[in-house]
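Trainee: Structure file coords34.cif (mmCIF, C-alpha atoms and all ligand atoms) right here:
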data_coords
loop_
_atom_site.label_atom_id
_atom_site.label_comp_id
_atom_site.auth_asym_id
_atom_site.auth_seq_id
_atom_site.Cartn_x
_atom_site.Cartn_y
_atom_site.Cartn_z
CA MET A 543 -16.34 14.57 32.99
CA GLN A 544 -18.13 17.86 32.38
CA GLY A 545 -18.09 20.16 29.37
CA GLU A 546 -18.41 20.75 25.68
CA LEU A 547 -15.99 19.60 22.97
CA LEU A 548 -15.50 19.99 19.23
CA VAL A 549 -14.48 16.46 18.20
CA GLN A 550 -11.32 16.00 16.11
CA GLY A 551 -11.40 14.87 12.47
CA SER A 552 -11.91 11.18 11.75
CA LYS A 553 -8.82 8.97 11.36
CA ASN A 554 -10.73 6.34 9.41
CA ALA A 555 -12.25 8.89 7.06
CA ALA A 556 -9.03 10.90 6.54
CA LEU A 557 -6.80 7.92 5.67
CA PRO A 558 -8.73 6.57 2.64
CA ILE A 559 -9.40 10.16 1.50
CA LEU A 560 -5.65 10.81 1.54
CA ALA A 561 -5.15 7.65 -0.53
CA ALA A 562 -7.82 8.92 -2.96
CA THR A 563 -5.91 12.17 -3.62
CA LEU A 564 -3.42 10.11 -5.66
CA LEU A 565 -6.16 9.46 -8.22
CA GLY A 566 -6.34 13.12 -9.26
CA LYS A 567 -3.78 15.63 -10.43
CA GLY A 568 -3.80 18.96 -8.61
CA ILE A 569 -3.80 20.66 -5.23
CA PHE A 570 -6.22 19.22 -2.65
CA ILE A 571 -7.38 21.04 0.48
CA LEU A 572 -8.62 18.93 3.39
CA HIS A 573 -10.12 20.80 6.36
CA HIS A 574 -10.51 19.41 9.93
CA CYS A 575 -7.83 16.79 9.32
CA PRO A 576 -6.65 15.06 12.51
CA ARG A 577 -2.95 15.57 13.30
CA ILE A 578 -2.37 11.99 14.47
CA SER A 579 0.55 9.63 13.87
CA ASP A 580 -1.36 7.43 11.41
CA VAL A 581 -2.05 10.49 9.23
CA GLU A 582 1.59 11.59 9.52
CA HIS A 583 2.69 8.12 8.37
CA MET A 584 0.29 8.27 5.43
CA LEU A 585 1.70 11.69 4.48
CA GLU A 586 5.22 10.20 4.48
CA LEU A 587 3.99 7.64 1.97
CA LEU A 588 2.35 10.30 -0.21
CA GLU A 589 5.63 12.25 -0.22
CA ASP A 590 7.44 9.01 -1.13
CA ALA A 591 5.14 8.75 -4.14
CA GLY A 592 6.15 12.26 -5.21
CA CYS A 593 3.42 14.39 -3.61
CA ARG A 594 4.02 17.55 -1.61
CA VAL A 595 2.09 18.08 1.63
CA ARG A 596 1.74 21.03 4.01
CA TRP A 597 -0.25 21.66 7.19
CA GLU A 598 -1.87 24.94 8.00
CA GLY A 599 -3.35 24.25 11.42
CA HIS A 600 -5.85 21.44 10.78
CA MET A 601 -6.02 22.24 7.09
CA LEU A 602 -3.91 19.89 4.97
CA ILE A 603 -2.74 20.86 1.49
CA VAL A 604 -1.76 17.90 -0.75
CA ASP A 605 -0.16 18.58 -4.15
CA THR A 606 -0.27 15.46 -6.35
CA ARG A 607 0.90 17.09 -9.60
CA GLU A 608 4.33 15.44 -9.43
CA LEU A 609 3.12 11.96 -8.52
CA CYS A 610 5.73 9.73 -10.11
CA ASN A 611 6.51 6.75 -7.96
CA TYR A 612 4.35 3.64 -7.73
CA ARG A 613 6.68 2.12 -5.12
CA VAL A 614 5.75 2.96 -1.54
CA SER A 615 8.46 2.31 0.94
CA GLY A 616 8.17 4.91 3.71
CA THR A 617 9.09 3.85 7.20
CA GLY A 618 5.44 4.14 8.15
CA ALA A 619 4.27 1.74 5.49
CA GLY A 620 4.81 -1.48 7.37
CA LYS A 621 3.54 0.03 10.59
CA MET A 622 -0.02 0.55 9.71
CA ARG A 623 -2.89 -1.16 8.12
CA SER A 624 -4.20 1.73 6.07
CA THR A 625 -1.20 1.48 3.73
CA VAL A 626 -3.28 -1.15 2.02
CA THR A 627 -5.70 1.42 0.52
CA LEU A 628 -2.76 2.75 -1.50
CA LEU A 629 -3.06 -0.46 -3.55
CA GLY A 630 -6.31 0.69 -5.11
CA SER A 631 -5.43 4.34 -5.58
CA ILE A 632 -1.91 3.91 -7.01
CA LEU A 633 -3.12 1.07 -9.25
CA GLY A 634 -6.01 3.26 -10.34
CA ARG A 635 -3.73 6.13 -11.29
CA MET A 636 -0.54 4.35 -12.46
CA HIS A 637 -1.66 0.77 -13.20
CA GLN A 638 1.29 -0.40 -11.17
CA VAL A 639 1.95 -0.51 -7.42
CA GLU A 640 4.38 -1.89 -4.88
CA ILE A 641 3.83 -1.65 -1.13
CA PRO A 642 5.43 -3.31 1.89
CA TYR A 643 3.11 -6.00 3.15
CA PRO A 644 0.62 -4.10 5.35
CA GLY A 645 1.22 -4.82 9.01
CA GLY A 646 -1.12 -7.06 10.85
CA CYS A 647 -1.53 -5.75 14.35
CA THR A 648 -2.26 -6.88 17.83
CA ILE A 649 -6.04 -7.02 17.30
CA GLY A 650 -5.89 -9.67 14.63
CA LYS A 651 -4.25 -11.23 11.60
CA ARG A 652 -5.82 -8.66 9.28
CA PRO A 653 -5.67 -10.66 6.00
CA ILE A 654 -6.17 -8.81 2.69
CA ASP A 655 -7.60 -11.64 0.58
CA LEU A 656 -10.87 -9.76 -0.06
CA HIS A 657 -8.92 -6.68 -1.21
CA LEU A 658 -6.78 -8.69 -3.64
CA ARG A 659 -9.68 -10.71 -5.03
CA GLY A 660 -11.67 -7.56 -5.72
CA LEU A 661 -8.74 -5.81 -7.40
CA GLU A 662 -7.95 -8.93 -9.46
CA GLN A 663 -11.52 -8.93 -10.76
CA LEU A 664 -10.86 -5.37 -11.99
CA GLY A 665 -7.83 -6.65 -13.93
CA ALA A 666 -4.93 -6.41 -11.49
CA VAL A 667 -2.30 -9.16 -11.21
CA PHE A 668 -0.32 -9.42 -7.96
CA GLU A 669 3.06 -10.85 -7.09
CA HIS A 670 3.93 -11.66 -3.48
CA GLN A 671 7.54 -11.21 -2.47
CA GLU A 672 8.81 -11.82 1.05
CA HIS A 673 8.18 -8.29 2.34
CA THR A 674 6.48 -6.56 -0.54
CA LEU A 675 3.35 -6.92 -2.57
CA SER A 676 3.40 -5.67 -6.16
CA GLY A 677 0.52 -5.31 -8.56
CA LYS A 678 0.06 -4.50 -12.23
CA ALA A 679 -2.90 -3.91 -14.52
CA GLN A 680 -2.69 -3.58 -18.31
CA ILE A 681 -6.10 -2.02 -18.09
CA LEU A 682 -8.57 -1.75 -15.21
CA HIS A 683 -12.06 -2.76 -16.33
CA GLY A 684 -15.46 -2.82 -14.69
CA ALA A 685 -16.67 -6.03 -12.98
CA GLN A 686 -19.42 -7.52 -10.83
CA ILE A 687 -17.67 -8.03 -7.46
CA TYR A 688 -19.12 -9.94 -4.49
CA LEU A 689 -17.44 -9.47 -1.09
CA ASP A 690 -17.78 -12.48 1.23
CA PHE A 691 -17.64 -10.05 4.16
CA PRO A 692 -18.44 -6.30 4.19
CA SER A 693 -14.79 -5.40 4.70
CA VAL A 694 -14.30 -1.62 5.10
CA GLY A 695 -10.83 -1.65 3.57
CA ALA A 696 -11.71 -3.98 0.71
CA THR A 697 -14.73 -1.78 -0.14
CA GLU A 698 -12.45 1.28 -0.12
CA ASN A 699 -9.85 -0.41 -2.31
CA VAL A 700 -12.39 -1.50 -4.93
CA LEU A 701 -13.87 2.02 -4.97
CA LEU A 702 -10.41 3.56 -5.42
CA ALA A 703 -9.44 1.24 -8.29
CA ALA A 704 -12.81 1.31 -10.06
CA VAL A 705 -13.38 5.06 -10.41
CA LEU A 706 -10.88 5.34 -13.31
CA ALA A 707 -11.50 1.84 -14.73
CA GLU A 708 -13.06 1.30 -18.16
CA GLY A 709 -16.73 0.47 -17.76
CA THR A 710 -19.03 -0.10 -14.81
CA THR A 711 -18.31 -1.92 -11.55
CA VAL A 712 -21.02 -3.14 -9.22
CA LEU A 713 -19.76 -4.02 -5.74
CA HIS A 714 -22.12 -6.36 -3.86
CA GLY A 715 -21.83 -6.94 -0.11
CA ALA A 716 -20.09 -3.59 0.37
CA ALA A 717 -19.34 -2.12 3.79
CA MET A 718 -21.83 0.60 4.85
CA GLU A 719 -19.67 2.44 7.42
CA PRO A 720 -19.91 6.27 7.37
CA GLU A 721 -16.29 6.35 6.18
CA ILE A 722 -17.38 4.64 2.94
CA VAL A 723 -19.95 7.38 2.27
CA GLU A 724 -17.39 10.06 3.10
CA LEU A 725 -14.87 8.51 0.68
CA ALA A 726 -17.54 8.28 -2.03
CA ASP A 727 -18.53 11.91 -1.42
CA PHE A 728 -14.90 12.95 -1.75
CA LEU A 729 -14.48 10.92 -4.97
CA ARG A 730 -17.64 12.52 -6.40
CA LYS A 731 -16.15 15.95 -5.63
CA MET A 732 -13.13 14.79 -7.65
CA GLY A 733 -15.46 13.97 -10.58
CA ALA A 734 -16.08 10.25 -9.97
CA ASP A 735 -19.41 8.58 -10.79
CA VAL A 736 -20.34 6.58 -7.66
CA HIS A 737 -23.81 5.62 -6.42
CA GLY A 738 -25.23 3.41 -3.68
CA ASP A 739 -22.53 4.07 -1.06
CA GLY A 740 -24.00 3.46 2.39
CA THR A 741 -25.94 0.48 1.03
CA PRO A 742 -24.65 -3.05 0.33
CA VAL A 743 -24.56 -2.40 -3.45
CA ILE A 744 -22.31 0.32 -4.85
CA THR A 745 -22.19 1.16 -8.58
CA ILE A 746 -19.12 2.87 -9.99
CA ARG A 747 -19.01 4.09 -13.60
CA GLY A 748 -15.40 4.63 -14.64
CA VAL A 749 -14.43 8.12 -15.85
CA LYS A 750 -11.39 9.26 -17.83
CA LYS A 751 -9.89 11.65 -15.35
CA LEU A 752 -10.31 12.99 -11.83
CA HIS A 753 -9.41 16.45 -10.56
CA ALA A 754 -8.42 17.97 -7.22
CA ALA A 755 -11.05 18.80 -4.62
CA GLU A 756 -11.57 20.56 -1.30
CA TYR A 757 -13.23 18.65 1.54
CA ILE A 758 -14.12 18.83 5.21
CA VAL A 759 -13.16 15.66 7.04
CA PRO A 760 -16.03 14.62 9.36
CA SER A 761 -15.52 14.34 13.11
CA ASP A 762 -14.33 11.03 14.44
CA ARG A 763 -17.30 8.90 15.56
CA ILE A 764 -15.06 6.55 17.54
CA VAL A 765 -13.34 9.37 19.44
CA ALA A 766 -16.82 10.79 20.14
CA GLY A 767 -18.10 7.43 21.37
CA THR A 768 -15.03 6.97 23.56
CA TYR A 769 -15.73 10.27 25.38
CA LEU A 770 -19.45 9.49 25.68
CA PHE A 771 -18.60 6.26 27.50
CA GLY A 772 -16.22 8.30 29.68
CA ALA A 773 -19.12 10.63 30.52
CA VAL A 774 -21.42 7.81 31.62
CA MET A 775 -18.65 6.15 33.67
CA THR A 776 -17.94 9.34 35.60
CA MET A 777 -21.63 10.33 36.02
CA GLY A 778 -20.81 13.46 34.10
CA GLU A 779 -22.40 15.49 31.36
CA VAL A 780 -20.88 16.15 27.96
CA ARG A 781 -21.95 17.92 24.78
CA LEU A 782 -20.03 16.94 21.64
CA LEU A 783 -20.22 19.33 18.70
CA HIS A 784 -19.79 18.86 14.95
CA ILE A 785 -20.46 15.14 15.13
CA PRO A 786 -22.95 13.82 12.52
CA LEU A 787 -25.59 11.97 14.55
CA SER A 788 -26.06 9.52 11.65
CA HIS A 789 -22.44 8.39 12.17
CA LEU A 790 -23.19 7.20 15.72
CA GLY A 791 -25.58 4.43 14.65
CA LYS A 792 -27.29 2.82 17.61
CA LEU A 793 -24.88 4.25 20.21
CA PRO A 794 -27.39 6.86 21.55
CA GLU A 795 -29.96 4.10 22.17
CA LEU A 796 -27.35 1.95 23.95
CA LEU A 797 -26.34 4.87 26.20
CA GLU A 798 -30.04 5.40 27.08
CA GLN A 799 -30.32 1.66 27.85
CA MET A 800 -27.40 2.18 30.27
CA GLY A 801 -29.45 4.88 32.02
CA ALA A 802 -28.07 8.04 30.44
CA VAL A 803 -30.08 11.11 29.46
CA VAL A 804 -29.39 11.65 25.74
CA GLU A 805 -30.39 14.65 23.60
CA ALA A 806 -29.18 15.01 20.03
CA GLU A 807 -29.73 16.92 16.80
CA GLU A 808 -28.12 16.23 13.45
CA ASP A 809 -24.65 17.46 14.36
CA TRP A 810 -24.35 17.44 18.16
CA ILE A 811 -25.09 15.09 21.01
CA TYR A 812 -25.57 15.75 24.75
CA VAL A 813 -25.22 12.94 27.31
CA ARG A 814 -25.76 13.15 31.07
CA MET A 815 -25.53 10.37 33.62
CA ASP A 816 -27.11 10.91 37.03
CA ARG A 817 -26.74 7.37 38.37
CA GLN A 818 -24.66 4.20 38.17
CA CYS A 819 -24.72 2.66 34.68
CA ARG A 820 -27.18 -0.14 34.08
CA SER A 821 -25.71 -3.40 32.75
CA ILE A 822 -26.52 -4.61 29.22
CA PRO A 823 -27.43 -8.31 28.92
CA TYR A 824 -25.80 -8.82 25.51
CA VAL A 825 -23.94 -6.66 22.97
CA VAL A 826 -22.38 -8.05 19.80
CA THR A 827 -20.00 -6.11 17.56
CA ALA A 828 -21.04 -5.97 13.92
CA PRO A 829 -20.48 -4.07 10.68
CA PHE A 830 -22.25 -0.68 10.52
CA PRO A 831 -24.97 0.07 11.56
CA GLY A 832 -24.27 -2.55 14.26
CA PHE A 833 -22.25 -1.79 17.39
CA PRO A 834 -18.72 -0.86 16.23
CA THR A 835 -15.83 -3.10 17.25
CA ASP A 836 -13.73 0.06 17.73
CA LEU A 837 -15.92 1.02 20.72
CA GLN A 838 -16.05 -2.46 22.26
CA SER A 839 -13.22 -1.79 24.73
CA ALA A 840 -14.72 1.52 25.88
CA LEU A 841 -18.09 -0.22 26.37
CA MET A 842 -16.36 -2.96 28.38
CA ALA A 843 -14.73 -0.38 30.63
CA ALA A 844 -18.09 1.32 31.21
CA LEU A 845 -19.91 -1.97 31.88
CA SER A 846 -17.24 -2.86 34.46
CA THR A 847 -18.76 -0.12 36.64
CA ALA A 848 -22.39 -0.94 35.78
CA SER A 849 -24.81 -2.62 38.17
CA GLY A 850 -25.10 -6.30 37.28
CA MET A 851 -23.83 -8.71 34.65
CA SER A 852 -23.16 -7.79 31.02
CA PHE A 853 -22.11 -9.92 28.09
CA ILE A 854 -20.09 -8.85 25.04
CA GLU A 855 -19.45 -10.88 21.91
CA GLU A 856 -16.64 -9.60 19.62
CA LYS A 857 -17.36 -10.85 16.10
CA ILE A 858 -15.09 -8.65 13.97
CA PHE A 859 -11.53 -9.16 15.22
CA GLU A 860 -10.06 -12.23 16.84
CA ALA A 861 -7.89 -10.52 19.45
CA ARG A 862 -9.74 -7.55 20.82
CA PHE A 863 -9.94 -8.44 24.50
CA GLN A 864 -6.40 -7.47 25.51
CA ILE A 865 -7.81 -4.79 27.76
CA VAL A 866 -9.40 -7.42 30.04
CA GLU A 867 -6.30 -8.17 32.10
CA GLU A 868 -5.54 -4.45 32.40
CA LEU A 869 -9.07 -3.66 33.63
CA ARG A 870 -8.73 -6.53 36.13
CA LYS A 871 -5.65 -4.79 37.56
CA MET A 872 -7.99 -1.84 38.23
CA GLY A 873 -10.48 -4.02 40.09
CA ALA A 874 -12.85 -5.00 37.28
CA SER A 875 -14.42 -8.46 37.40
CA ILE A 876 -14.33 -9.75 33.81
CA SER A 877 -13.82 -13.20 32.36
CA SER A 878 -13.28 -13.78 28.65
CA GLU A 879 -13.02 -16.82 26.48
CA GLU A 880 -12.49 -16.72 22.69
CA SER A 881 -14.90 -14.09 21.40
CA PHE A 882 -17.01 -13.77 24.57
CA ALA A 883 -16.52 -11.58 27.64
CA LEU A 884 -18.64 -11.68 30.80
CA ILE A 885 -18.49 -8.50 32.87
CA ASP A 886 -19.60 -8.86 36.47
CA GLY A 887 -20.17 -5.13 36.99
CA ASP A 888 -20.47 -3.23 40.28
CA ALA A 889 -16.68 -2.87 40.32
CA ARG A 890 -15.27 0.08 42.17
CA LEU A 891 -12.26 0.69 39.93
CA HIS A 892 -9.02 1.76 41.61
CA GLY A 893 -5.87 3.29 40.21
CA ALA A 894 -3.12 0.91 38.96
CA ARG A 895 -0.18 0.71 36.57
CA VAL A 896 -1.66 -0.57 33.30
CA GLU A 897 -0.46 -0.98 29.73
CA ALA A 898 -2.11 0.05 26.48
CA LYS A 899 -1.50 -2.72 23.94
CA GLU A 900 -3.40 -1.24 21.00
CA LEU A 901 -5.15 1.96 20.04
CA ARG A 902 -8.77 1.57 21.17
CA GLY A 903 -7.96 -0.50 24.26
CA GLY A 904 -5.55 2.21 25.34
CA ALA A 905 -8.20 4.91 25.02
CA ALA A 906 -10.64 2.75 26.98
CA LEU A 907 -8.10 2.40 29.81
CA ILE A 908 -7.94 6.20 30.02
CA MET A 909 -11.73 6.30 30.37
CA ALA A 910 -11.54 3.64 33.09
CA ALA A 911 -8.89 5.72 34.88
CA LEU A 912 -11.33 8.65 35.00
CA ALA A 913 -13.77 6.50 36.98
CA ALA A 914 -11.11 4.90 39.21
CA GLU A 915 -10.25 5.99 42.74
CA GLY A 916 -6.63 7.09 42.98
CA GLU A 917 -3.98 7.54 40.32
CA THR A 918 -3.63 5.33 37.22
CA CYS A 919 -0.43 5.22 35.20
CA ILE A 920 -0.92 4.09 31.57
CA SER A 921 2.08 3.06 29.45
CA GLY A 922 1.93 2.53 25.67
CA MET A 923 0.47 5.95 24.93
CA GLU A 924 2.10 5.78 21.49
CA TYR A 925 -0.76 3.48 20.53
CA VAL A 926 -3.35 6.03 21.65
CA CYS A 927 -1.61 8.83 19.70
CA ARG A 928 -2.24 6.86 16.51
CA GLY A 929 -5.90 7.86 16.67
CA TYR A 930 -6.45 10.51 19.36
CA GLU A 931 -4.98 13.86 18.39
CA ASN A 932 -4.60 15.31 21.88
CA ILE A 933 -6.54 13.29 24.41
CA ASN A 934 -4.94 15.21 27.31
CA GLU A 935 -6.21 18.52 25.90
CA ASP A 936 -9.63 17.03 25.17
CA LEU A 937 -9.94 15.73 28.72
CA LYS A 938 -8.82 19.06 30.20
CA ASN A 939 -11.55 20.73 28.11
CA LEU A 940 -13.94 18.20 29.64
CA GLY A 941 -12.96 19.20 33.15
CA ILE A 942 -10.50 16.38 33.89
CA MET A 943 -7.22 16.81 35.76
CA VAL A 944 -4.72 14.93 33.58
C1 LIG B 1001 -11.27 -0.69 9.31
O1 LIG B 1001 -10.29 -1.70 9.33
C2 LIG B 1001 -10.86 0.31 10.39
N1 LIG B 1001 -9.55 0.87 10.06
C3 LIG B 1001 -10.80 -0.41 11.74
O2 LIG B 1001 -10.47 0.57 12.73
C4 LIG B 1001 -12.17 -0.98 12.05
O3 LIG B 1001 -12.11 -1.69 13.26
C5 LIG B 1001 -12.60 -1.93 10.91
O4 LIG B 1001 -12.56 -1.21 9.65
C6 LIG B 1001 -14.00 -2.48 11.12
O5 LIG B 1001 -14.90 -1.43 11.20
C7 LIG B 1001 -9.46 1.88 9.16
O6 LIG B 1001 -10.45 2.33 8.61
C8 LIG B 1001 -8.09 2.43 8.89
P1 LIG B 1001 -12.25 -4.81 7.79
P2 LIG B 1001 -10.25 -2.82 8.14
O7 LIG B 1001 -11.57 -5.06 6.50
O8 LIG B 1001 -10.65 -2.20 6.86
C9 LIG B 1001 -11.55 -9.49 7.96
C10 LIG B 1001 -9.22 1.55 14.46
O9 LIG B 1001 -9.03 1.26 15.64
N2 LIG B 1001 -10.95 -9.34 6.62
O10 LIG B 1001 -13.68 -4.34 7.79
O11 LIG B 1001 -8.97 -3.53 8.22
C11 LIG B 1001 -10.63 -8.88 9.02
O12 LIG B 1001 -9.63 -9.81 9.40
C12 LIG B 1001 -9.21 0.44 13.41
O13 LIG B 1001 -9.42 2.71 14.02
C13 LIG B 1001 -10.61 -10.48 5.89
O14 LIG B 1001 -10.77 -11.60 6.37
O15 LIG B 1001 -11.42 -3.78 8.66
C14 LIG B 1001 -11.57 -8.58 10.15
O16 LIG B 1001 -11.80 -9.76 10.88
C15 LIG B 1001 -9.00 -0.94 14.01
N3 LIG B 1001 -10.06 -10.34 4.65
C16 LIG B 1001 -12.87 -8.19 9.42
O17 LIG B 1001 -12.74 -8.71 8.08
C17 LIG B 1001 -9.85 -9.10 4.10
O18 LIG B 1001 -9.37 -9.04 2.94
C18 LIG B 1001 -13.12 -6.69 9.36
O19 LIG B 1001 -12.07 -6.13 8.68
C19 LIG B 1001 -10.22 -7.96 4.84
C20 LIG B 1001 -10.77 -8.09 6.10
#
Mind turning this structure into structure tokens?
Mentor:
Amino acid sequence: MQGELLVQGSKNAALPILAATLLGKGIFILHHCPRISDVEHMLELLEDAGCRVRWEGHMLIVDTRELCNYRVSGTGAGKMRSTVTLLGSILGRMHQVEIPYPGGCTIGKRPIDLHLRGLEQLGAVFEHQEHTLSGKAQILHGAQIYLDFPSVGATENVLLAAVLAEGTTVLHGAAMEPEIVELADFLRKMGADVHGDGTPVITIRGVKKLHAAEYIVPSDRIVAGTYLFGAVMTMGEVRLLHIPLSHLGKLPELLEQMGAVVEAEEDWIYVRMDRQCRSIPYVVTAPFPGFPTDLQSALMAALSTASGMSFIEEKIFEARFQIVEELRKMGASISSEESFALIDGDARLHGARVEAKELRGGAALIMAALAAEGETCISGMEYVCRGYENINEDLKNLGIMV
């Protein structure tokens, strides 16, 4: 892999920001928005609610002036998890909401108990029907909320419901992912009063009204990390542009531990690998700023080619090792049990027919294919298209024959 790339907009920043547009009345302009299937599904839901949306290249125009429907039923709703952040934003704006039960997915059960508990503390009452979840709130009022786990989605939902509530909300045990700070920045541009985002305690003072805003969606830190692991696996050199270094957490250090040369400034990173990757004795996935679960599969693929044994513990999702059997088909030597995976390294990966079973595992298989001898055929690319706008184009720009 060799070359320079401007990284696409962030899926996990764009989705909650799109949900947040429902809280204000007007015409929103979002730049650098990724044209991926999860965003398209979210736009279907916004249109269902009465919004009008239009793309101009990667600029998305969202008109929420005719928002009228608190019932979300779009075909995409049951397909993806991020529907759930519509709970907070539609409740916040209309004090009533009905969504299809958000899909679990293959990486885990994905319960929403923390979301519901937080929203109930703000005054919402929920009813569970067989396929739909409906919520109501006479008024939304401030509260002291304590999350048992720094759930990204639950933090987003509380933020979205609290910004128009009466009084002050203090959210303790909040997620600190970059996407939380981006959502808070966007809400502040809309006129919200939010402080402490990026720390475990976020204070939200409710305001009467929010207005439209213009925003630049940040580059996708997980897409960036995926390609950086591809670079080290192929002993290549890559420069990624427009990626906030602060969003990468400890990834640069980890890449250096694996033997890469890493140079970075605040919005670009350069990685070169001149040798076989070194193994890493132990990596555990954790909430930000720990190692992100969304890059665990790409790390596993890279460590399959490293010299020596590596050990990964997956502590965020209960079913995020589905890539193991696919990497084995390519010659990797990996054993996994419950939340632990032992990677024997020194594998010379070879081409094979493999199957993507979820988004990030699918992208990791593509990175493994770059390092494999011979041709690899990957089915299930619809999963990858959920989060990677045009991975073929990206790889061509990075010197890969796809
Ligand atoms: C967000 O999912 C991301 N998705 C995920 O990215 C990411 O892996 C995850 O955060 C962790 O960083 C989006 O932003 C759209 P969580 P989310 O709530 O909000 C448990 C990708 O590939 N939990 O922080 O669903 C949950 O089961 C996706 O882009 C509860 O128990 O993650 C999980 O074990 C995959 N109860 C853990 O917390 C709840 O009410 C982390 O979940 C909520 C969560």
Trainee: Enter the distance from CA of Glu582 in chain A to CA of Leu783 in chain A, in Å, rounded to one decimal.
Mentor: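 Computed distance, CA of Glu582 in chain A to CA of Leu783 in chain A, equals 24.9 Å.
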Trainee: Which residues are near ligand LIG 1001 (chain B) - at most 7 Å, using all atoms listed in the file? Format: as JSON, numbers by chain.
Mentor: {"A": [553, 554, 555, 557, 623, 624, 650, 651, 652, 653, 654, 655, 656, 657, 691, 692, 693, 694, 695, 696, 829, 834, 835, 836, 858, 859, 860, 901, 902, 929]}
Trainee: What does the distance from CA of Ala755 in chain A to CA of Gly599 in chain A come to in Å, to one decimal?
Mentor: 18.6 Å
Trainee: Quick one: pull the distance between CA of Leu787 in chain A and CA of Val759 in chain A, Å, one decimal.
Mentor: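 Here the two named atoms are 15.0 Å from each other.
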Trainee: Report as a list in words all protein, DNA and RNA residues lying within 6 Å of Met800 in chain A, evaluated on all atoms listed in the file, omitting residues in the same chain fewer than 3 positions from it.
Mentor: Leu797, Cys819 and Arg820 of chain A
Trainee: Go ahead and save the picked residues with C-alpha atoms, as a PDB file, in the frame of the given file.
Mentor:
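Okay, out.pdb is ready:
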ATOM      1  CA  LEU A 797     -26.340   4.870  26.200  1.00  0.00           C
ATOM      2  CA  CYS A 819     -24.720   2.660  34.680  1.00  0.00           C
ATOM      3  CA  ARG A 820     -27.180  -0.140  34.080  1.00  0.00           C
TER       4      ARG A 820
END
Trainee: What are the closest atom pairs, with distances in Å to one decimal, for each residue of range 770-794 of chain A lying within 10 Å of range 839-850 of chain A, using all atoms listed in the file, rows by chain and rising residue number, as a Markdown table?
Mentor:
| residue | atom | partner | partner_atom | distance |
| --- | --- | --- | --- | --- |
| A:Leu770 | CA | A:Ala840 | CA | 9.3 |
| A:Phe771 | CA | A:Ala844 | CA | 6.2 |
| A:Gly772 | CA | A:Ala844 | CA | 7.4 |
| A:Ala773 | CA | A:Ala844 | CA | 9.4 |
| A:Val774 | CA | A:Ala844 | CA | 7.3 |
| A:Met775 | CA | A:Ala844 | CA | 5.4 |
| A:Thr776 | CA | A:Ala844 | CA | 9.1 |
